[in-house]
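Chemist: Here it is, the structure, as structure tokens.
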Amino acid sequence: MTAQLALKCSGLTKSFGEKLAVDALDLEVGSRQVFGLLGPNGSGKTTTIRMSLGIYARDSGSVETLGNPDPLEVRDRLGYLPEDRGLYPKMKVVEQLAFLGTIRGLPLRESKKRAAAWLERLGLADRAKAETNELSKGMQQKIQFAAAVLHDPELIVLDEPFTGLDPINTRLLKELILEQRDKGATVVLSTHRMDQVEQMCESICLIHEGRSVLSGVLSDIKTSYGESTINLEYDGEAGSLRDLAGVREVRDSGRTASLLLDEGEASQDVLRQLVDRVRVRSFELAEPSVEDIFLDKVGYIAPADSAGGNGEEVVR
Amino acid sequence: MKAAKILSIARREYIARVRSKGFLITTLMVPAMMGIYAVVFPAMTRADVDVLRITVVDAGTGVGDALATRLADTRSLPFEIQPTQTVDEADVDSIRQEFSDAVRNDEIDGYIVLTPNVDTLALGQYYARETGNLIITETLESAIETTILENWFAGDELARIRAVQRAGMETITVSASGEERGGFLVAYASTMILGMLLYITVLMHGQQMSIAIVEEKNSRLVELIIGAVTASEYMLGKILGVLGTGLTQLGIWMGMVAITILGVLPALAMGAAVAELDLGNVLDVRTLAYFSVFFFLGYLMYATIFAAVGATCDNIQEMQQAMFPAVMPVIMAFMSTLYIMTNPNSFASQVLSLFPLFTPLTMFARVNVSEPPLWEVWLGILLLVGTSALTIWGAAKVFRATILFHGKRPSFRELVRMVRAAS
């Protein structure tokens with residue numbers, strides 16, 4: 001990890017009335033990478049982001065954004081795609097983008113030029129003069145992403161950027177994010193989409209109830225878990241995977257299942273039990289997925305409104 | 001604070017405001033209304049009657065017929081004079097019953113009773129359904145007066161008396177810079193115009209800005225903006241944008257007035273009338289300078305108050321309730337000017353003109369009709385600027401503290417706490 005951190009939070013705390021939203025949170029984001037900020041709904045991700053960007057005042061603790069204790073000092077080097085998104089409905093798309101560039105410190109002329117280039121890039125050049133409210137949700141979201149990166153920020157924070165995007169635009173956005181990283185920017189990705197984190201993030205921090213419960217380089221975290229997960233394909237009765245000795249958690253999807261092993265448990269013992277109960281079609285010993293780790297730490301995936309969550313209930 | 005960012009916010013706000021329907025509507029409506037006012041109001045002061053059927057009842061003064069003839073010859077009012085009734089003074093009361101019934105039955109509009117008097121030859125009484133019209137009563141009064149004088153005097157003597165009557169008295173305002181004839185009417189009109197313009201423009205654009213701020217809060221756009229600019233930059237930008245809108249509109253109106261005076265009026269062959277109207281007198285530099293200063297500062301302060309209202313409200317309904325206290329100062333200042341123009345240098349006028357929320361209108365009224373000490377004017381301006389700055393500062397703090405604060409509108413005590421916490 002580089003000496004210069006893109007973002008560092010120490011003992012960050014914020015409460016709203018009685019409710020403690022962020023509780024003595026520590027966070028370190030190394031520069032020039034895609035960093036995953038994970039956590040269920042209401043875990044304090046957005047509040048943490050807002051404090052890191054100088055939108056909220058913190059109750060206590062400190063932040064260092066691009067090495068500066070006051071994020072507002074470096075705000076022209078920050079890019080932000082908020083979770084609650086909005087644009088001026090009556091404003092022309094290209095003017096809107098240009099405006100959002102100027103408030104991040106770009107001269108108007110330069111901002112206009114870049115806005116036009118980005119619209120070209122996003123395949124929206126023909127909509128440049130349209131009013132924003134004539135655009136689909138997906139288009140608006142792409143424009144908001146462009147607004148977040150128009151001024152070539154060094155730290156880009158994207159709060160649930162994939163929500164509501166179709167597969168084609170999801171892939172496009174993924175490419176654009178990696179491109180920003182390759183240009184030298186640090187991208188903080190706040191999301192529930194475990195698959196995206198798996199594919200894109202070098203390091204992660206898992207936030208639960210306002211605290212950091214797990215953080216570090218993703219591959220290290222996985223290694224530390226060891227090959228402790230069995231990915232199983234099987235034919236058998238519903239419920240036949242219950243109460244397996246040596247397995248602390250089963251996520252049964254009917255024809256496939258993930259089994260989380262107890263620590264030090266030999267997989268062969270589990271396989272023996274399985275053979276007695278169901279017809280095993282495939283048996284694979286693997287490192288846990290991010291989703292497995294998430295569920296292990298948090299215990300559930302937030303339902304319905306979380307676009308990435310699959311609403312799966314976990315049997316303990 | 002970065003000027004470029006303030007200008008960027010201001011520019012966006014300005015374009016949004018100027019392109020709005022509200023801007024177009026007020027830009028066209030105000031001159032239209034003023035035009036209607038200019039045409040209709042004088043027409044209304046012309047007594048507004050088709051015909052005025054009046055009978056003169058002479059109870060032995062001998063000037064009844066002369067009065068009737070005089071009235072019939074009056075051009076300014078459409079009199080239709082009935083034959084004069086000559087009666088005994090003792091019978092007046094009973095005959096009056098008859099005429100009053102005629103008035104009630106709309107057979108005539110009114111009647112004048114002339115009763116003999118030792119000192120003045122005759123005393124007039126006017127009985128009518130409508131006695132509130134000053135133009136009618138003054139015309140009648142002066143007709144009676146003239147009739148009596150003509151009865152008593154003749155020739156040179158009469159001519160001299162009439163001349164004295166007409167001479168009357170002129171009012172001239174003495175000020176440090178010179179003397180000004182008939183200044184009051186101009187002062188009165190310009191104060192009213194400033195009041196109207198301030199009221200209309202600030203109400204229109206200030207309210208639009210408040211709505212825009214509330215909408216931005218609701219659309220959560222503000223999260224994007226407030227991460228990029230400080231609350232003070234945002235506030236100042238908004239206010240500057242709205243100020244630009246107001247000045248643009250004022251500029252358009254000034255242009256319209258200039259075109260009307262220079263182009264349209266001569267074209268309508270009214271050149272002679274315009275020449276008589278001393279433009280140098282109407283548009284003197286001092287009045288224009290004060291007008292500009294107080295329009296600018298007043299607009300700035302009231303716009304700031306609207307911005308503060310927008311900053312503290314979460315939705316439009318809430319904002320409309322909170323709007324009333326914001327509009328109040330303009331209305332109260334407007335009403336105060338009516339008092340100030342008749343008593344410009346009383347203690348109450350001093351207080352009213354130095355109360356910053358009223359100063360734009362009240363101080364302008366004072367400098368218009370009198371010449372208050374210069375230090376008072378400057379103190380007023382200073383207080384006004386200070387209040388605006390303080391309001392902007394407070395509004396930015398409140399804005400900063402409430403911007404992502406959802407739920408009910410904070411109480412005043414909570415606001416104070418927020419401002420403290422944010423500073």
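Every chain in the structure tokens has a letter given in the order shown (A, B, ...), and although residue numbers restart at 1 in each chain, ligands are simply numbered from 1 in the order shown.
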Please, which residues in chain B fall within 6 Å of chain A when counting only C-alpha atoms, and what is the closest atom pair and distance in Å to one decimal for each, ordered by chain then residue number, as a tab-separated table?
Modeler:
residue	atom	partner	partner_atom	distance
B:Lys5	CA	A:Ile103	CA	5.3
B:Ser219	CA	A:Gly86	CA	5.1
B:Arg220	CA	A:Gly86	CA	5.6
B:Leu221	CA	A:Gly86	CA	4.7
B:Gly227	CA	A:Ile55	CA	5.5
B:Ala228	CA	A:Arg104	CA	5.5
Chemist: If we count only C-alpha atoms and set the cut-off at 8 Å, which residues sit around A:Lys45, ignoring sequence neighbours fewer than 6 positions away in its own chain? Please answer as a ChimeraX atom specification.
Modeler: /A:37-39,190,207,210
Chemist: Near stretch 279-282 of chain A, counting only C-alpha atoms, which residues have an atom at most 10 Å away, once you skip same-chain residues fewer than 2 positions from it, shown as a PyMOL selection string?
Modeler: chain A and resi 230-237+255-256+271+274-277+284
Chemist: Could those selected residues go to a file with N, CA and C atoms, as an mmCIF file, in the first residue's frame?
Modeler:
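Output file out-v4.cif follows:
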data_model
loop_
_atom_site.group_PDB
_atom_site.id
_atom_site.type_symbol
_atom_site.label_atom_id
_atom_site.label_comp_id
_atom_site.auth_asym_id
_atom_site.auth_seq_id
_atom_site.Cartn_x
_atom_site.Cartn_y
_atom_site.Cartn_z
ATOM 1 N N ILE A 230 -17.686 -24.872 0.682
ATOM 2 C CA ILE A 230 -17.953 -25.920 -0.310
ATOM 3 C C ILE A 230 -19.048 -25.422 -1.239
ATOM 4 N N ASN A 231 -18.746 -25.393 -2.525
ATOM 5 C CA ASN A 231 -19.781 -25.093 -3.513
ATOM 6 C C ASN A 231 -20.306 -26.419 -4.034
ATOM 7 N N LEU A 232 -21.594 -26.623 -3.843
ATOM 8 C CA LEU A 232 -22.180 -27.939 -4.092
ATOM 9 C C LEU A 232 -23.282 -27.849 -5.138
ATOM 10 N N GLU A 233 -23.281 -28.814 -6.061
ATOM 11 C CA GLU A 233 -24.463 -28.998 -6.916
ATOM 12 C C GLU A 233 -25.030 -30.353 -6.570
ATOM 13 N N TYR A 234 -26.348 -30.437 -6.393
ATOM 14 C CA TYR A 234 -26.898 -31.719 -5.914
ATOM 15 C C TYR A 234 -28.332 -31.894 -6.376
ATOM 16 N N ASP A 235 -28.805 -33.144 -6.304
ATOM 17 C CA ASP A 235 -30.230 -33.431 -6.439
ATOM 18 C C ASP A 235 -30.679 -34.035 -5.127
ATOM 19 N N GLY A 236 -31.788 -33.542 -4.594
ATOM 20 C CA GLY A 236 -32.241 -34.121 -3.336
ATOM 21 C C GLY A 236 -33.439 -33.395 -2.764
ATOM 22 N N GLU A 237 -33.954 -33.927 -1.690
ATOM 23 C CA GLU A 237 -35.121 -33.375 -1.029
ATOM 24 C C GLU A 237 -34.804 -31.995 -0.446
ATOM 25 N N ARG A 255 -30.865 -26.393 -6.036
ATOM 26 C CA ARG A 255 -30.021 -27.314 -6.801
ATOM 27 C C ARG A 255 -28.538 -27.046 -6.548
ATOM 28 N N THR A 256 -28.247 -25.846 -6.072
ATOM 29 C CA THR A 256 -26.877 -25.553 -5.672
ATOM 30 C C THR A 256 -26.904 -25.048 -4.235
ATOM 31 N N LEU A 271 -18.344 -34.322 3.007
ATOM 32 C CA LEU A 271 -18.684 -35.007 1.753
ATOM 33 C C LEU A 271 -19.313 -36.377 2.062
ATOM 34 N N LEU A 274 -22.800 -35.934 3.030
ATOM 35 C CA LEU A 274 -23.616 -35.500 1.887
ATOM 36 C C LEU A 274 -24.005 -36.683 1.014
ATOM 37 N N VAL A 275 -23.074 -37.537 0.780
ATOM 38 C CA VAL A 275 -23.307 -38.684 -0.100
ATOM 39 C C VAL A 275 -24.455 -39.533 0.441
ATOM 40 N N ASP A 276 -24.551 -39.618 1.760
ATOM 41 C CA ASP A 276 -25.638 -40.385 2.363
ATOM 42 C C ASP A 276 -26.994 -39.719 2.141
ATOM 43 N N ARG A 277 -27.016 -38.404 2.044
ATOM 44 C CA ARG A 277 -28.302 -37.695 2.018
ATOM 45 C C ARG A 277 -28.796 -37.347 0.613
ATOM 46 N N GLU A 284 -17.017 -28.696 -4.812
ATOM 47 C CA GLU A 284 -15.827 -27.878 -5.022
ATOM 48 C C GLU A 284 -15.456 -27.195 -3.721
#
Chemist: Just list the residues in stretch 14-147 of chain A DSSP gives alpha helix (DSSP H) on the backbone, as a count of residues only.
Modeler: 43
Chemist: Please provide as a count of residues only all residues within 10 Å of B:Ala16, with the sequence filter that same-chain residues fewer than 3 positions apart are discarded (counting only C-alpha atoms).
Modeler: 17
Chemist: Sort by chain and increasing residue number a table of all residues of stretch 126-206 of chain A within 6 Å of stretch 213-228 of chain A, each with its closest pair of atoms and their distance in Å to one decimal, counting only C-alpha atoms, and write it as JSON lines.
Modeler:
{"residue": "A:Glu202", "atom": "CA", "partner": "A:Leu218", "partner_atom": "CA", "distance": 5.8}
{"residue": "A:Ser203", "atom": "CA", "partner": "A:Val217", "partner_atom": "CA", "distance": 4.0}
{"residue": "A:Ile204", "atom": "CA", "partner": "A:Ser215", "partner_atom": "CA", "distance": 5.5}
{"residue": "A:Cys205", "atom": "CA", "partner": "A:Ser215", "partner_atom": "CA", "distance": 4.1}
{"residue": "A:Leu206", "atom": "CA", "partner": "A:Leu214", "partner_atom": "CA", "distance": 5.1}
Chemist: Could you pull the residues within 6 Å of A:Arg181, counting only C-alpha atoms, minus those fewer than 4 positions along the same chain, as a list in words?
Modeler: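 My list of contacting residues is Arg32, Gln33, Ala185 and Thr186 of chain A.
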Chemist: Looking at A:Glu120, A:Asp70, A:Glu134, A:Glu209, which one is nearest to A:Lys14, with distances taken over only C-alpha atoms?
Modeler: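 For A:Lys14, the nearest of the given residues is A:Glu209.
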Chemist: Just checking: using only C-alpha atoms, which residue out of A:Gln141, A:Ser52, A:Ser60, A:Gly254 ends up closest to A:Thr13?
Modeler: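 Ranked by minimum distance to A:Thr13, first place goes to A:Ser60.
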Chemist: Find, counting only C-alpha atoms, the residue in B:Leu374, B:Ala311, B:Arg70, B:Leu236 that gets nearest to B:Val222.
Modeler: B:Ala311
Chemist: Considering only C-alpha atoms, return as an NGL selection string whatever protein or nucleic-acid residues lie within 12 Å of stretch 293-297 of chain B, sequence-local ones (same chain, fewer than 4 positions apart) excluded.
Modeler: :B and (190-191 or 193-202 or 239-240 or 242-248 or 250 or 286-289 or 301-304 or 353 or 356-368 or 377-378 or 380-389)
Chemist: Those selected residues, please, written with C-alpha atoms and delivered as an mmCIF file, in the first residue's frame.
Modeler:
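Result went into part_9.cif, see below:
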data_model
loop_
_atom_site.group_PDB
_atom_site.id
_atom_site.type_symbol
_atom_site.label_atom_id
_atom_site.label_comp_id
_atom_site.auth_asym_id
_atom_site.auth_seq_id
_atom_site.Cartn_x
_atom_site.Cartn_y
_atom_site.Cartn_z
ATOM 1 C CA SER B 190 -41.209 58.180 -7.369
ATOM 2 C CA THR B 191 -41.550 56.767 -3.856
ATOM 3 C CA ILE B 193 -42.927 53.588 -8.007
ATOM 4 C CA LEU B 194 -39.881 52.412 -6.077
ATOM 5 C CA GLY B 195 -42.159 50.686 -3.609
ATOM 6 C CA MET B 196 -44.152 48.989 -6.327
ATOM 7 C CA LEU B 197 -41.102 47.892 -8.289
ATOM 8 C CA LEU B 198 -39.318 46.569 -5.228
ATOM 9 C CA TYR B 199 -42.417 44.801 -4.066
ATOM 10 C CA ILE B 200 -43.227 43.193 -7.396
ATOM 11 C CA THR B 201 -39.712 42.178 -8.419
ATOM 12 C CA VAL B 202 -38.576 40.950 -5.035
ATOM 13 C CA ILE B 239 -28.820 35.904 -4.280
ATOM 14 C CA LEU B 240 -26.584 37.425 -6.944
ATOM 15 C CA VAL B 242 -31.730 36.807 -8.397
ATOM 16 C CA LEU B 243 -30.295 40.296 -8.066
ATOM 17 C CA GLY B 244 -29.177 40.125 -11.679
ATOM 18 C CA THR B 245 -32.664 39.032 -12.651
ATOM 19 C CA GLY B 246 -34.216 42.001 -10.883
ATOM 20 C CA LEU B 247 -31.757 44.462 -12.404
ATOM 21 C CA THR B 248 -32.301 42.996 -15.867
ATOM 22 C CA LEU B 250 -35.602 46.963 -14.191
ATOM 23 C CA ARG B 286 -30.312 62.991 -6.884
ATOM 24 C CA THR B 287 -33.611 61.121 -7.016
ATOM 25 C CA LEU B 288 -32.273 58.675 -9.581
ATOM 26 C CA ALA B 289 -29.134 58.058 -7.542
ATOM 27 C CA MET B 301 -31.831 42.459 1.586
ATOM 28 C CA TYR B 302 -35.300 41.196 0.788
ATOM 29 C CA ALA B 303 -33.850 38.563 -1.575
ATOM 30 C CA THR B 304 -31.590 37.464 1.258
ATOM 31 C CA SER B 353 -36.296 55.162 8.208
ATOM 32 C CA PRO B 356 -33.153 48.320 8.428
ATOM 33 C CA LEU B 357 -36.048 46.146 7.257
ATOM 34 C CA PHE B 358 -37.919 49.323 6.258
ATOM 35 C CA THR B 359 -35.023 51.560 5.239
ATOM 36 C CA PRO B 360 -35.078 50.923 1.469
ATOM 37 C CA LEU B 361 -38.542 52.439 1.159
ATOM 38 C CA THR B 362 -38.794 54.687 4.193
ATOM 39 C CA MET B 363 -35.428 56.402 3.821
ATOM 40 C CA PHE B 364 -36.057 56.891 0.121
ATOM 41 C CA ALA B 365 -39.374 58.533 0.961
ATOM 42 C CA ARG B 366 -37.610 60.847 3.398
ATOM 43 C CA VAL B 367 -34.851 61.943 1.049
ATOM 44 C CA ASN B 368 -37.498 62.436 -1.590
ATOM 45 C CA VAL B 377 -28.995 58.634 5.330
ATOM 46 C CA TRP B 378 -25.570 57.038 5.562
ATOM 47 C CA GLY B 380 -29.513 53.958 7.221
ATOM 48 C CA ILE B 381 -27.509 52.640 4.281
ATOM 49 C CA LEU B 382 -24.870 51.226 6.616
ATOM 50 C CA LEU B 383 -27.467 49.462 8.754
ATOM 51 C CA LEU B 384 -29.084 48.130 5.606
ATOM 52 C CA VAL B 385 -25.836 46.724 4.270
ATOM 53 C CA GLY B 386 -24.984 45.313 7.690
ATOM 54 C CA THR B 387 -28.364 43.646 7.989
ATOM 55 C CA SER B 388 -28.027 42.133 4.511
ATOM 56 C CA ALA B 389 -24.571 40.803 5.289
#
Chemist: Find the distance between atom CA of A:Ala257 and atom CA of A:Glu198 and write it in Å to one decimal.
Modeler: 18.9 Å
